[in-house]
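A.B. asks: Please find entry-v3.txt (compact mmCIF, C-alpha atoms (C1' of nucleotides)) on the next line:
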```txt
# COMPACT_ATOMS: atom_id res chain seq x y z
CA MET A 63 30.44 20.65 4.24
CA ALA A 64 31.52 17.02 4.08
CA GLY A 65 30.09 16.39 7.55
CA SER A 66 26.88 18.16 6.64
CA THR A 67 26.40 16.15 3.46
CA SER A 68 27.07 12.99 5.39
CA THR A 69 24.41 13.72 7.99
CA ARG A 70 21.93 14.64 5.29
CA ALA A 71 22.74 11.42 3.46
CA GLN A 72 22.33 9.45 6.66
CA ILE A 73 18.91 11.01 7.24
CA VAL A 74 17.78 10.20 3.70
CA ASP A 75 19.14 6.68 4.07
CA ALA A 76 17.36 6.05 7.36
CA ALA A 77 14.13 7.65 6.13
CA ASN A 78 14.30 5.58 2.94
CA ARG A 79 14.44 2.39 4.97
CA LEU A 80 11.79 3.45 7.51
CA PHE A 81 9.37 4.75 4.87
CA TYR A 82 9.67 1.38 3.19
CA GLU A 83 9.30 -0.72 6.32
CA HIS A 84 6.63 1.26 8.15
CA GLY A 85 5.16 3.61 5.56
CA PHE A 86 5.67 7.32 5.02
CA GLU A 87 2.95 8.58 7.32
CA HIS A 88 3.63 6.18 10.16
CA THR A 89 7.33 7.11 10.27
CA SER A 90 7.93 9.94 12.73
CA PHE A 91 10.80 12.41 12.84
CA ALA A 92 11.73 10.94 16.19
CA ALA A 93 12.13 7.49 14.65
CA ILE A 94 14.38 8.80 11.88
CA ALA A 95 16.40 10.90 14.32
CA GLU A 96 16.84 7.90 16.58
CA ALA A 97 17.92 5.69 13.68
CA VAL A 98 20.54 8.25 12.61
CA GLY A 99 21.55 9.06 16.16
CA ILE A 100 20.87 12.80 16.08
CA SER A 101 18.43 15.02 17.93
CA ARG A 102 15.09 16.09 16.50
CA GLY A 103 16.20 19.70 16.58
CA ASN A 104 19.23 19.07 14.40
CA PHE A 105 16.89 17.47 11.94
CA TYR A 106 15.35 20.73 10.86
CA HIS A 107 18.71 22.13 9.95
CA HIS A 108 18.75 19.66 7.05
CA PHE A 109 15.06 19.35 6.18
CA LYS A 110 12.42 21.96 6.94
CA THR A 111 9.41 19.67 6.51
CA LYS A 112 8.60 15.99 6.36
CA ASP A 113 7.65 16.39 2.71
CA GLU A 114 11.17 17.59 1.95
CA ILE A 115 12.55 14.34 3.35
CA LEU A 116 10.11 12.44 1.18
CA ILE A 117 11.36 14.30 -1.90
CA GLY A 118 14.92 13.51 -0.84
CA VAL A 119 14.08 9.84 -0.41
CA ILE A 120 12.39 9.61 -3.81
CA GLU A 121 15.35 11.34 -5.45
CA ALA A 122 17.69 8.87 -3.76
CA ARG A 123 15.55 6.01 -5.06
CA LEU A 124 15.59 7.45 -8.58
CA HIS A 125 19.36 7.70 -8.34
CA SER A 126 19.92 4.19 -6.98
CA THR A 127 17.49 2.72 -9.51
CA ARG A 128 19.32 4.37 -12.40
CA ALA A 129 22.59 3.02 -10.99
CA MET A 130 21.14 -0.48 -10.68
CA LEU A 131 19.79 -0.48 -14.25
CA ALA A 132 23.15 0.78 -15.54
CA GLU A 133 24.85 -2.02 -13.60
CA TRP A 134 22.54 -4.60 -15.15
CA GLU A 135 23.37 -3.23 -18.58
CA ARG A 136 27.07 -3.65 -17.84
CA ASP A 137 26.71 -7.11 -16.27
CA GLU A 138 24.27 -8.72 -18.68
CA PRO A 139 25.36 -9.36 -22.27
CA GLY A 140 21.99 -9.04 -24.01
CA PRO A 141 18.54 -7.46 -23.52
CA ALA A 142 16.81 -10.79 -22.85
CA GLU A 143 19.20 -11.51 -19.97
CA ARG A 144 18.58 -8.00 -18.64
CA VAL A 145 14.82 -8.50 -18.58
CA ARG A 146 15.37 -11.80 -16.80
CA ARG A 147 17.56 -10.03 -14.29
CA PHE A 148 14.63 -7.69 -13.58
CA VAL A 149 12.25 -10.62 -13.23
CA GLU A 150 14.54 -12.14 -10.61
CA ILE A 151 14.30 -9.09 -8.30
CA VAL A 152 11.33 -10.57 -6.46
CA ILE A 153 13.63 -13.44 -5.50
CA THR A 154 16.80 -11.39 -4.94
CA ASN A 155 14.90 -9.06 -2.61
CA GLY A 156 12.60 -11.85 -1.51
CA ALA A 157 12.84 -11.34 2.25
CA ASP A 158 12.11 -7.60 2.13
CA ILE A 159 9.26 -8.06 -0.33
CA GLU A 160 7.68 -10.73 1.86
CA ASN A 161 7.78 -8.37 4.80
CA TYR A 162 7.02 -5.00 3.21
CA GLY A 163 6.03 -5.50 -0.44
CA CYS A 164 7.58 -3.63 -3.37
CA PRO A 165 9.00 -0.26 -2.29
CA VAL A 166 7.85 1.42 -5.50
CA GLY A 167 4.33 0.05 -5.62
CA THR A 168 3.58 0.52 -1.95
CA LEU A 169 4.89 4.10 -1.74
CA THR A 170 3.03 5.08 -4.90
CA ASN A 171 -0.20 3.72 -3.48
CA GLU A 172 0.28 5.32 -0.09
CA LEU A 173 0.88 8.72 -1.68
CA ALA A 174 -2.17 8.22 -3.92
CA LYS A 175 -4.33 7.63 -0.86
CA LEU A 176 -2.85 10.64 0.91
CA ASP A 177 -3.44 12.68 -2.26
CA HIS A 178 0.16 13.77 -1.77
CA PRO A 179 1.83 16.19 -4.23
CA ALA A 180 4.92 13.94 -4.41
CA ARG A 181 2.86 11.11 -5.91
CA SER A 182 3.96 11.88 -9.47
CA GLN A 183 7.60 11.76 -8.41
CA ALA A 184 7.07 8.34 -6.86
CA VAL A 185 5.50 7.19 -10.13
CA ALA A 186 8.67 8.37 -11.87
CA VAL A 187 10.52 5.42 -10.31
CA PHE A 188 8.01 3.12 -12.01
CA GLU A 189 8.56 5.03 -15.25
CA LEU A 190 12.29 4.40 -14.96
CA PHE A 191 11.71 0.65 -14.93
CA ARG A 192 9.04 0.88 -17.61
CA THR A 193 11.25 2.83 -20.00
CA TRP A 194 14.25 0.62 -19.34
CA LEU A 195 12.25 -2.57 -19.93
CA ARG A 196 10.74 -1.06 -23.08
CA GLU A 197 14.23 -0.30 -24.37
CA GLN A 198 15.27 -3.91 -23.79
CA PHE A 199 12.27 -5.16 -25.77
CA GLU A 200 13.02 -2.67 -28.51
CA ALA A 201 16.59 -3.97 -28.61
CA LEU A 202 15.09 -7.44 -29.03
CA GLY A 203 13.37 -6.24 -32.19
CA PHE A 204 9.92 -5.42 -30.84
CA THR A 205 8.56 -2.07 -31.96
CA VAL A 206 4.90 -1.19 -31.22
CA GLU A 207 4.63 -4.03 -28.70
CA ALA A 208 7.68 -3.03 -26.66
CA ASP A 209 5.87 -0.83 -24.14
CA ASP A 210 3.03 -3.33 -23.76
CA LEU A 211 5.53 -6.09 -22.99
CA ALA A 212 7.37 -3.82 -20.55
CA MET A 213 4.15 -3.04 -18.72
CA HIS A 214 3.25 -6.71 -18.58
CA VAL A 215 6.55 -7.64 -16.97
CA LEU A 216 6.15 -4.76 -14.54
CA ALA A 217 2.57 -5.72 -13.66
CA PHE A 218 3.48 -9.38 -13.23
CA SER A 219 6.25 -8.46 -10.78
CA GLN A 220 3.92 -6.21 -8.83
CA GLY A 221 1.36 -8.97 -8.52
CA ILE A 222 3.97 -11.40 -7.25
CA ALA A 223 5.22 -8.84 -4.74
CA THR A 224 1.74 -8.12 -3.38
CA LEU A 225 0.85 -11.78 -2.86
CA SER A 226 4.31 -12.59 -1.53
CA ASN A 227 3.69 -9.94 1.12
CA ALA A 228 0.22 -11.30 1.89
CA PHE A 229 0.95 -15.03 1.97
CA HIS A 230 4.68 -15.24 2.73
CA ASP A 231 5.02 -18.12 0.30
CA GLY A 232 8.44 -18.42 -1.30
CA GLU A 233 7.42 -21.36 -3.46
CA PHE A 234 4.61 -19.33 -4.99
CA VAL A 235 7.12 -16.60 -5.88
CA GLN A 236 9.43 -19.14 -7.54
CA ARG A 237 6.56 -20.67 -9.52
CA GLU A 238 5.40 -17.31 -10.80
CA VAL A 239 8.94 -16.24 -11.69
CA ASP A 240 9.34 -19.48 -13.65
CA ARG A 241 6.03 -18.77 -15.35
CA LEU A 242 7.16 -15.29 -16.32
CA HIS A 243 10.44 -16.67 -17.68
CA GLY A 244 8.37 -19.18 -19.68
CA TRP A 245 6.17 -16.41 -21.03
CA LEU A 246 9.29 -14.50 -22.07
CA ASP A 247 10.64 -17.62 -23.84
CA GLU A 248 7.42 -17.81 -25.83
CA ARG A 249 7.44 -14.11 -26.74
CA LEU A 250 11.02 -14.40 -27.97
CA ALA A 251 10.26 -17.59 -29.92
CA ASP A 252 7.10 -16.06 -31.38
CA HIS A 253 9.02 -13.02 -32.46
CA ALA A 254 11.69 -15.16 -34.19
CA SER A 255 8.95 -17.05 -36.12
CA PRO A 256 5.61 -15.32 -35.43
CA ARG A 257 2.37 -17.28 -35.49
CA SER A 258 0.05 -15.57 -33.01
CA ARG A 259 0.08 -12.60 -30.67
CA ARG A 260 -0.60 -12.86 -26.94
CA MET B 198 -31.83 -1.49 18.98
CA ALA B 199 -32.64 -0.86 15.32
CA GLY B 200 -31.32 2.68 15.61
CA SER B 201 -28.20 1.47 17.38
CA THR B 202 -27.44 -1.19 14.80
CA SER B 203 -28.02 1.32 12.07
CA THR B 204 -25.52 3.80 13.52
CA ARG B 205 -22.98 1.05 13.99
CA ALA B 206 -23.49 -0.07 10.42
CA GLN B 207 -23.16 3.50 9.21
CA ILE B 208 -19.86 3.87 11.06
CA VAL B 209 -18.50 0.64 9.59
CA ASP B 210 -19.70 1.68 6.15
CA ALA B 211 -18.08 5.11 6.34
CA ALA B 212 -14.88 3.72 7.86
CA ASN B 213 -14.74 1.04 5.16
CA ARG B 214 -14.84 3.70 2.46
CA LEU B 215 -12.42 6.08 4.19
CA PHE B 216 -9.91 3.33 5.06
CA TYR B 217 -9.94 2.39 1.38
CA GLU B 218 -9.65 5.91 0.01
CA HIS B 219 -7.20 7.41 2.50
CA GLY B 220 -5.71 4.47 4.34
CA PHE B 221 -6.37 3.12 7.82
CA GLU B 222 -3.87 5.22 9.69
CA HIS B 223 -4.59 8.48 7.89
CA THR B 224 -8.31 8.19 8.60
CA SER B 225 -9.17 9.97 11.86
CA PHE B 226 -12.14 9.42 14.14
CA ALA B 227 -13.19 12.96 13.35
CA ALA B 228 -13.34 12.17 9.64
CA ILE B 229 -15.50 9.08 10.20
CA ALA B 230 -17.73 10.92 12.65
CA GLU B 231 -18.19 13.76 10.17
CA ALA B 232 -18.98 11.34 7.33
CA VAL B 233 -21.65 9.63 9.44
CA GLY B 234 -22.91 12.88 10.96
CA ILE B 235 -22.38 12.02 14.62
CA SER B 236 -20.14 13.45 17.34
CA ARG B 237 -16.81 11.96 18.29
CA GLY B 238 -18.12 11.18 21.76
CA ASN B 239 -21.00 9.10 20.44
CA PHE B 240 -18.46 7.16 18.51
CA TYR B 241 -17.05 5.45 21.54
CA HIS B 242 -20.44 4.09 22.49
CA HIS B 243 -20.17 1.82 19.44
CA PHE B 244 -16.43 1.20 19.22
CA LYS B 245 -14.00 1.49 22.11
CA THR B 246 -10.84 1.70 19.98
CA LYS B 247 -9.82 2.40 16.41
CA ASP B 248 -8.67 -1.19 16.08
CA GLU B 249 -12.19 -2.35 16.86
CA ILE B 250 -13.48 -0.36 13.90
CA LEU B 251 -10.81 -1.95 11.73
CA ILE B 252 -11.97 -5.40 12.80
CA GLY B 253 -15.54 -4.37 12.05
CA VAL B 254 -14.53 -3.12 8.61
CA ILE B 255 -12.63 -6.31 7.77
CA GLU B 256 -15.58 -8.43 8.94
CA ALA B 257 -17.88 -6.37 6.74
CA ARG B 258 -15.53 -6.94 3.81
CA LEU B 259 -15.42 -10.67 4.47
CA HIS B 260 -19.21 -10.68 4.54
CA SER B 261 -19.68 -8.64 1.36
CA THR B 262 -17.03 -10.68 -0.45
CA ARG B 263 -18.75 -13.94 0.43
CA ALA B 264 -22.03 -12.43 -0.78
CA MET B 265 -20.43 -11.33 -4.05
CA LEU B 266 -18.86 -14.73 -4.69
CA ALA B 267 -22.20 -16.42 -3.95
CA GLU B 268 -23.88 -14.04 -6.39
CA TRP B 269 -21.35 -14.90 -9.07
CA GLU B 270 -22.03 -18.57 -8.51
CA ARG B 271 -25.74 -17.92 -8.99
CA ASP B 272 -25.29 -15.67 -12.03
CA GLU B 273 -22.65 -17.56 -13.95
CA PRO B 274 -23.47 -21.00 -15.37
CA GLY B 275 -20.01 -22.58 -15.21
CA PRO B 276 -16.70 -22.28 -13.36
CA ALA B 277 -14.85 -20.83 -16.37
CA GLU B 278 -17.35 -17.97 -16.62
CA ARG B 279 -17.00 -17.39 -12.88
CA VAL B 280 -13.24 -17.05 -13.12
CA ARG B 281 -13.72 -14.62 -16.00
CA ARG B 282 -16.14 -12.66 -13.88
CA PHE B 283 -13.40 -12.32 -11.28
CA VAL B 284 -10.89 -11.25 -13.92
CA GLU B 285 -13.26 -8.48 -15.00
CA ILE B 286 -13.33 -6.85 -11.53
CA VAL B 287 -10.40 -4.60 -12.40
CA ILE B 288 -12.61 -3.16 -15.15
CA THR B 289 -15.90 -3.21 -13.24
CA ASN B 290 -14.28 -1.33 -10.35
CA GLY B 291 -11.89 0.46 -12.71
CA ALA B 292 -12.40 4.00 -11.42
CA ASP B 293 -11.87 3.12 -7.76
CA ILE B 294 -8.85 0.97 -8.55
CA GLU B 295 -7.27 3.75 -10.59
CA ASN B 296 -7.67 6.12 -7.67
CA TYR B 297 -7.00 3.88 -4.68
CA GLY B 298 -5.75 0.49 -5.87
CA CYS B 299 -7.19 -2.83 -4.75
CA PRO B 300 -8.87 -2.58 -1.32
CA VAL B 301 -7.60 -6.02 -0.28
CA GLY B 302 -4.00 -5.67 -1.42
CA THR B 303 -3.52 -2.13 -0.16
CA LEU B 304 -5.00 -2.76 3.29
CA THR B 305 -3.01 -5.96 3.71
CA ASN B 306 0.21 -4.13 2.87
CA GLU B 307 -0.57 -1.18 5.13
CA LEU B 308 -1.25 -3.49 8.07
CA ALA B 309 1.96 -5.42 7.29
CA LYS B 310 3.95 -2.18 7.49
CA LEU B 311 2.21 -1.19 10.70
CA ASP B 312 2.90 -4.68 12.08
CA HIS B 313 -0.78 -4.60 13.03
CA PRO B 314 -2.40 -7.61 14.76
CA ALA B 315 -5.36 -7.46 12.34
CA ARG B 316 -3.08 -8.21 9.40
CA SER B 317 -3.99 -11.90 9.33
CA GLN B 318 -7.68 -11.03 9.21
CA ALA B 319 -7.07 -8.76 6.22
CA VAL B 320 -5.25 -11.62 4.52
CA ALA B 321 -8.36 -13.75 5.13
CA VAL B 322 -10.15 -11.69 2.46
CA PHE B 323 -7.44 -12.74 0.02
CA GLU B 324 -7.89 -16.32 1.17
CA LEU B 325 -11.60 -16.09 0.39
CA PHE B 326 -10.81 -15.24 -3.24
CA ARG B 327 -8.00 -17.78 -3.40
CA THR B 328 -10.16 -20.63 -2.12
CA TRP B 329 -13.09 -19.68 -4.33
CA LEU B 330 -10.89 -19.48 -7.44
CA ARG B 331 -9.26 -22.79 -6.54
CA GLU B 332 -12.71 -24.40 -6.27
CA GLN B 333 -13.58 -23.10 -9.74
CA PHE B 334 -10.42 -24.62 -11.19
CA GLU B 335 -11.14 -27.86 -9.37
CA ALA B 336 -14.61 -27.87 -10.87
CA LEU B 337 -12.90 -27.46 -14.25
CA GLY B 338 -11.07 -30.72 -13.63
CA PHE B 339 -7.76 -29.40 -12.34
CA THR B 340 -6.49 -31.14 -9.22
CA VAL B 341 -2.96 -30.44 -7.98
CA GLU B 342 -2.67 -27.34 -10.21
CA ALA B 343 -5.90 -25.71 -9.01
CA ASP B 344 -4.35 -23.65 -6.23
CA ASP B 345 -1.43 -22.61 -8.41
CA LEU B 346 -3.83 -21.39 -11.09
CA ALA B 347 -5.93 -19.57 -8.51
CA MET B 348 -2.85 -17.79 -7.15
CA HIS B 349 -1.79 -16.84 -10.64
CA VAL B 350 -5.14 -15.24 -11.43
CA LEU B 351 -5.03 -13.44 -8.09
CA ALA B 352 -1.46 -12.20 -8.63
CA PHE B 353 -2.23 -11.07 -12.16
CA SER B 354 -5.17 -9.02 -10.93
CA GLN B 355 -3.08 -7.46 -8.18
CA GLY B 356 -0.41 -6.44 -10.66
CA ILE B 357 -2.97 -4.81 -12.93
CA ALA B 358 -4.50 -2.96 -9.97
CA THR B 359 -1.15 -1.62 -8.77
CA LEU B 360 -0.11 -0.30 -12.19
CA SER B 361 -3.60 1.02 -12.91
CA ASN B 362 -3.29 3.05 -9.73
CA ALA B 363 0.19 4.28 -10.69
CA PHE B 364 -0.35 5.09 -14.37
CA HIS B 365 -4.11 5.71 -14.64
CA ASP B 366 -4.15 3.92 -17.97
CA GLY B 367 -7.46 2.25 -18.81
CA GLU B 368 -6.15 0.82 -22.08
CA PHE B 369 -3.35 -0.98 -20.23
CA VAL B 370 -5.93 -2.55 -17.91
CA GLN B 371 -8.00 -3.75 -20.87
CA ARG B 372 -4.94 -5.21 -22.62
CA GLU B 373 -3.89 -7.13 -19.50
CA VAL B 374 -7.40 -8.40 -18.88
CA ASP B 375 -7.51 -9.64 -22.48
CA ARG B 376 -4.15 -11.27 -21.93
CA LEU B 377 -5.38 -13.03 -18.79
CA HIS B 378 -8.50 -14.23 -20.64
CA GLY B 379 -6.18 -15.53 -23.36
CA TRP B 380 -4.06 -17.33 -20.80
CA LEU B 381 -7.20 -18.91 -19.37
CA ASP B 382 -8.28 -20.05 -22.85
CA GLU B 383 -4.94 -21.80 -23.25
CA ARG B 384 -5.09 -23.46 -19.84
CA LEU B 385 -8.58 -24.78 -20.59
CA ALA B 386 -7.53 -25.97 -24.07
CA ASP B 387 -4.37 -27.58 -22.67
CA HIS B 388 -6.38 -29.36 -20.05
CA ALA B 389 -8.82 -30.73 -22.65
CA SER B 390 -5.89 -32.05 -24.74
CA PRO B 391 -2.69 -31.58 -22.74
CA ARG B 392 0.62 -31.07 -24.48
CA SER B 393 2.72 -28.89 -22.16
CA ARG B 394 2.39 -27.23 -18.77
CA ARG B 395 2.86 -23.49 -18.22
C1' DG C 19 26.09 21.95 12.84
C1' DT C 20 24.30 20.23 16.87
C1' DC C 21 21.91 20.45 20.97
C1' DT C 22 17.86 21.30 24.69
C1' DA C 23 13.59 23.26 25.55
C1' DT C 24 9.27 24.31 24.11
C1' DA C 25 5.36 25.87 21.25
C1' DA C 26 1.32 24.51 18.52
C1' DT C 27 -1.50 21.08 16.75
C1' DC C 28 -3.91 17.00 16.34
C1' DA C 29 -4.82 12.27 17.39
C1' DG C 30 -7.15 8.70 20.23
C1' DA C 31 -9.70 8.12 24.25
C1' DT C 32 -12.68 9.29 28.65
C1' DA C 33 -16.28 11.50 31.81
C1' DG C 34 -20.43 12.81 32.62
C1' DA C 35 -24.81 15.55 31.41
C1' DC C 36 -29.06 14.94 28.80
C1' DG D 116 -27.97 6.51 22.44
C1' DT D 117 -26.17 11.00 21.75
C1' DC D 118 -24.01 15.03 23.07
C1' DT D 119 -20.22 18.58 24.96
C1' DA D 120 -16.15 19.13 27.38
C1' DT D 121 -11.84 17.47 28.51
C1' DC D 122 -7.65 14.63 29.19
C1' DT D 123 -3.42 12.52 27.61
C1' DG D 124 0.04 11.63 24.57
C1' DA D 125 2.38 11.98 20.21
C1' DT D 126 3.79 14.68 16.30
C1' DT D 127 5.39 18.45 13.56
C1' DA D 128 7.80 22.42 13.97
C1' DT D 129 10.38 26.56 16.17
C1' DA D 130 13.63 29.32 19.24
C1' DG D 131 17.70 29.99 20.90
C1' DA D 132 22.00 28.39 23.49
C1' DC D 133 26.53 26.16 22.56
```
How would this structure read if it were set down as structure tokens?

C.D. replies:
Amino acid sequence: MAGSTSTRAQIVDAANRLFYEHGFEHTSFAAIAEAVGISRGNFYHHFKTKDEILIGVIEARLHSTRAMLAEWERDEPGPAERVRRFVEIVITNGADIENYGCPVGTLTNELAKLDHPARSQAVAVFELFRTWLREQFEALGFTVEADDLAMHVLAFSQGIATLSNAFHDGEFVQREVDRLHGWLDERLADHASPRSRR
Amino acid sequence: MAGSTSTRAQIVDAANRLFYEHGFEHTSFAAIAEAVGISRGNFYHHFKTKDEILIGVIEARLHSTRAMLAEWERDEPGPAERVRRFVEIVITNGADIENYGCPVGTLTNELAKLDHPARSQAVAVFELFRTWLREQFEALGFTVEADDLAMHVLAFSQGIATLSNAFHDGEFVQREVDRLHGWLDERLADHASPRSRR
DNA sequence: GTCTATAATCAGATAGAC
DNA sequence: GTCTATCTGATTATAGAC
């Protein structure tokens, strides 16, 4: 059982990486099998179809995302610091994002174009971030605006990721991250003594 | 010759649409041939390889983008209005973007993941927008900041497109577009009487 | 649980008739 | 310039031995 789980986990792990780097459709069973070091035949003992691997990969991403958000909550003292931690992802994962874009955004779009049934599950990873960010803004005292602010931070990050992938420009990423931090400063200041909404 | 050119144009047109809606790799010759109403064999009289069609599609996009930007320059009196016209694309093409994302961003990312030689040509479409936006900001009196502002507008739009595709939320798109217009207002006001940089 | 061998399908690409 | 017929290779998926 332990060996079986391990092989399954290795397959999901390799598929996760390959789906990210080369796309879901372009990644063949042979490539995953080679990465894990097993035969193609053995493969089907663990997953009957390619779609099943995709489901497994998305579930693994949901799991690791939840773990990461929980870690941020432990590490960072307050909600503002947690949002800033999120904003920094595009720098923390800068090299991967330059090469392959955001794993969430790019998979979601690929599945949308394939009209794939797992699309909604890929969107669920986005929803994890969205809800978590909304909760941070709520903890900062925002009520009706919290989801709007969460979506803005999410959208901003996606835009940075897409252009980082297109232009491979680390300075651009840093500038935009600084800009987003500045925007956050203003929202927090506005909320402390509100004058106008943006 | 007229018939030949027409068939070639029809192939590029159909491929352009299908590459956008279903992705480059997922689109088969059979699908393009069916869309145009010709046989697969005839296909190869016009394009020897699938990559050649991709080049043709990207060239068509470069051409139509240049035409669109030129049209905006004719239609809109000043550079500020032109930038706003760009910002509005995510609403003008709202339905397509909800379903398939931004054609430029999604193709660029797909080609990056495929490590495809035509990637740089896909990025050239981005560069067209970037340069054009930069020129508008330069016309508005910005000098060293012009490219930074252009990239910000571009990134913002990409972020909106990605989340529009993920969440299918038209109200979110409108809110973010309003926010970007607001940001532009501030930049223009700041530039007229500068106090701080953002 | 893992392997080799192989079936079934579909893709891109070619040859040659009209 | 367009067609039908076909080739070649890759991919998903299965069968069955160890």

A.B. asks: Give me the residues of chain B that have any atom at most 8 Å from an atom of chain D; for each, the nearest atom pair and the distance in Å, rounded to one decimal. Use only C-alpha atoms (C1' of nucleotides), sort by chain and number, and format it as JSON lines.

C.D. replies:
```
{"residue": "B:Ser201", "atom": "CA", "partner": "D:DG116", "partner_atom": "C1'", "distance": 7.1}
{"residue": "B:Ser236", "atom": "CA", "partner": "D:DC118", "partner_atom": "C1'", "distance": 7.1}
{"residue": "B:Gly238", "atom": "CA", "partner": "D:DC118", "partner_atom": "C1'", "distance": 7.2}
{"residue": "B:Asn239", "atom": "CA", "partner": "D:DT117", "partner_atom": "C1'", "distance": 5.7}
{"residue": "B:His242", "atom": "CA", "partner": "D:DG116", "partner_atom": "C1'", "distance": 7.9}
```

A.B. asks: For a cut-off of 10 Å around (-5.1, -12.4, 3.2), file coordinates, pick out all residues using all atoms listed in the file and list them as a ChimeraX atom specification.

C.D. replies: /A:225,227-229 /B:301-302,304-306,316-327

A.B. asks: I'd like the neighbourhood of DG30 in chain C as an MDAnalysis selection string, where a residue qualifies if any of its atoms comes within 8 Å (using all atoms listed in the file), though same-chain residues fewer than 4 positions away should be ignored.

C.D. replies: chainID B and resid 226 246:247

A.B. asks: Given 8 Å of margin on each side, can you work out the centre and size in Å (one decimal) of an axis-aligned box holding every listed atom of range 196-207 of chain A, as AutoDock Vina command-line options?

C.D. replies:
```
--center_x 10.6 --center_y -3.9 --center_z -27.6 --size_x 28.0 --size_y 23.1 --size_z 25.1
```

A.B. asks: Between C:DC21, C:DC36, C:DA26, C:DA31, which one has atoms that come closest to chain A, using all atoms listed in the file?

C.D. replies: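 Nearest to chain A: C:DC21.
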
A.B. asks: Restricting the calculation to only C-alpha atoms (C1' of nucleotides), which member of A:Ile100, A:Ile73, A:Asn78, A:Met213 is positioned closest to chain C?

C.D. replies: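 Once distances to chain C are computed over only C-alpha atoms (C1' of nucleotides), the minimum belongs to A:Ile100.
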
A.B. asks: Can you tell me, as a list in words, what residues are no more than 10 Å from Glu332 in chain B when counting all atoms listed in the file, ignoring any on the same chain fewer than 6 positions away?

C.D. replies: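 What passes the distance filter is Pro276, Phe326, Gly338, Phe339, Thr340, Ala343, Asp344 and Ala347 of chain B.
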
A.B. asks: Could you list, as a VMD selection string, every residue of chain C that has an atom within 12 Å of an atom of chain A, counting all atoms listed in the file?

C.D. replies: chain C and resid 19 to 24

A.B. asks: Counting only C-alpha atoms, which residues from chain A have an atom at most 9 Å from any atom of chain B, and could you show them as a ChimeraX atom specification?

C.D. replies: /A:82-85,87-88,161-163,167-168,170-172,174-177,181-182,184-185,188-189,210,213-214,216-225,227-229,234,237-238,240-241,244-245,260

A.B. asks: For the residues selected in the previous step, produce a file with C-alpha atoms as a JSON list (two decimals), in the frame of the given file.

C.D. replies:
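out_16.json, freshly written:
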```json
[["chain", "number", "residue", "atom", "x", "y", "z"],
["A", 82, "TYR", "CA", 9.67, 1.38, 3.19],
["A", 83, "GLU", "CA", 9.30, -0.72, 6.32],
["A", 84, "HIS", "CA", 6.63, 1.26, 8.15],
["A", 85, "GLY", "CA", 5.16, 3.61, 5.56],
["A", 87, "GLU", "CA", 2.95, 8.58, 7.32],
["A", 88, "HIS", "CA", 3.63, 6.18, 10.16],
["A", 161, "ASN", "CA", 7.78, -8.37, 4.80],
["A", 162, "TYR", "CA", 7.02, -5.00, 3.21],
["A", 163, "GLY", "CA", 6.03, -5.50, -0.44],
["A", 167, "GLY", "CA", 4.33, 0.05, -5.62],
["A", 168, "THR", "CA", 3.58, 0.52, -1.95],
["A", 170, "THR", "CA", 3.03, 5.08, -4.90],
["A", 171, "ASN", "CA", -0.20, 3.72, -3.48],
["A", 172, "GLU", "CA", 0.28, 5.32, -0.09],
["A", 174, "ALA", "CA", -2.17, 8.22, -3.92],
["A", 175, "LYS", "CA", -4.33, 7.63, -0.86],
["A", 176, "LEU", "CA", -2.85, 10.64, 0.91],
["A", 177, "ASP", "CA", -3.44, 12.68, -2.26],
["A", 181, "ARG", "CA", 2.86, 11.11, -5.91],
["A", 182, "SER", "CA", 3.96, 11.88, -9.47],
["A", 184, "ALA", "CA", 7.07, 8.34, -6.86],
["A", 185, "VAL", "CA", 5.50, 7.19, -10.13],
["A", 188, "PHE", "CA", 8.01, 3.12, -12.01],
["A", 189, "GLU", "CA", 8.56, 5.03, -15.25],
["A", 210, "ASP", "CA", 3.03, -3.33, -23.76],
["A", 213, "MET", "CA", 4.15, -3.04, -18.72],
["A", 214, "HIS", "CA", 3.25, -6.71, -18.58],
["A", 216, "LEU", "CA", 6.15, -4.76, -14.54],
["A", 217, "ALA", "CA", 2.57, -5.72, -13.66],
["A", 218, "PHE", "CA", 3.48, -9.38, -13.23],
["A", 219, "SER", "CA", 6.25, -8.46, -10.78],
["A", 220, "GLN", "CA", 3.92, -6.21, -8.83],
["A", 221, "GLY", "CA", 1.36, -8.97, -8.52],
["A", 222, "ILE", "CA", 3.97, -11.40, -7.25],
["A", 223, "ALA", "CA", 5.22, -8.84, -4.74],
["A", 224, "THR", "CA", 1.74, -8.12, -3.38],
["A", 225, "LEU", "CA", 0.85, -11.78, -2.86],
["A", 227, "ASN", "CA", 3.69, -9.94, 1.12],
["A", 228, "ALA", "CA", 0.22, -11.30, 1.89],
["A", 229, "PHE", "CA", 0.95, -15.03, 1.97],
["A", 234, "PHE", "CA", 4.61, -19.33, -4.99],
["A", 237, "ARG", "CA", 6.56, -20.67, -9.52],
["A", 238, "GLU", "CA", 5.40, -17.31, -10.80],
["A", 240, "ASP", "CA", 9.34, -19.48, -13.65],
["A", 241, "ARG", "CA", 6.03, -18.77, -15.35],
["A", 244, "GLY", "CA", 8.37, -19.18, -19.68],
["A", 245, "TRP", "CA", 6.17, -16.41, -21.03],
["A", 260, "ARG", "CA", -0.60, -12.86, -26.94]]
```

A.B. asks: Just to confirm, what's the straight-line distance from CA of Arg249 in chain A to CA of Asp137 in chain A in Å (one decimal)?

C.D. replies: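 CA of Arg249 in chain A sits 23.0 Å away from CA of Asp137 in chain A.
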
A.B. asks: Using Å and a single decimal, report how far CA of Leu381 in chain B sits from CA of Glu285 in chain B.

C.D. replies: 12.8 Å
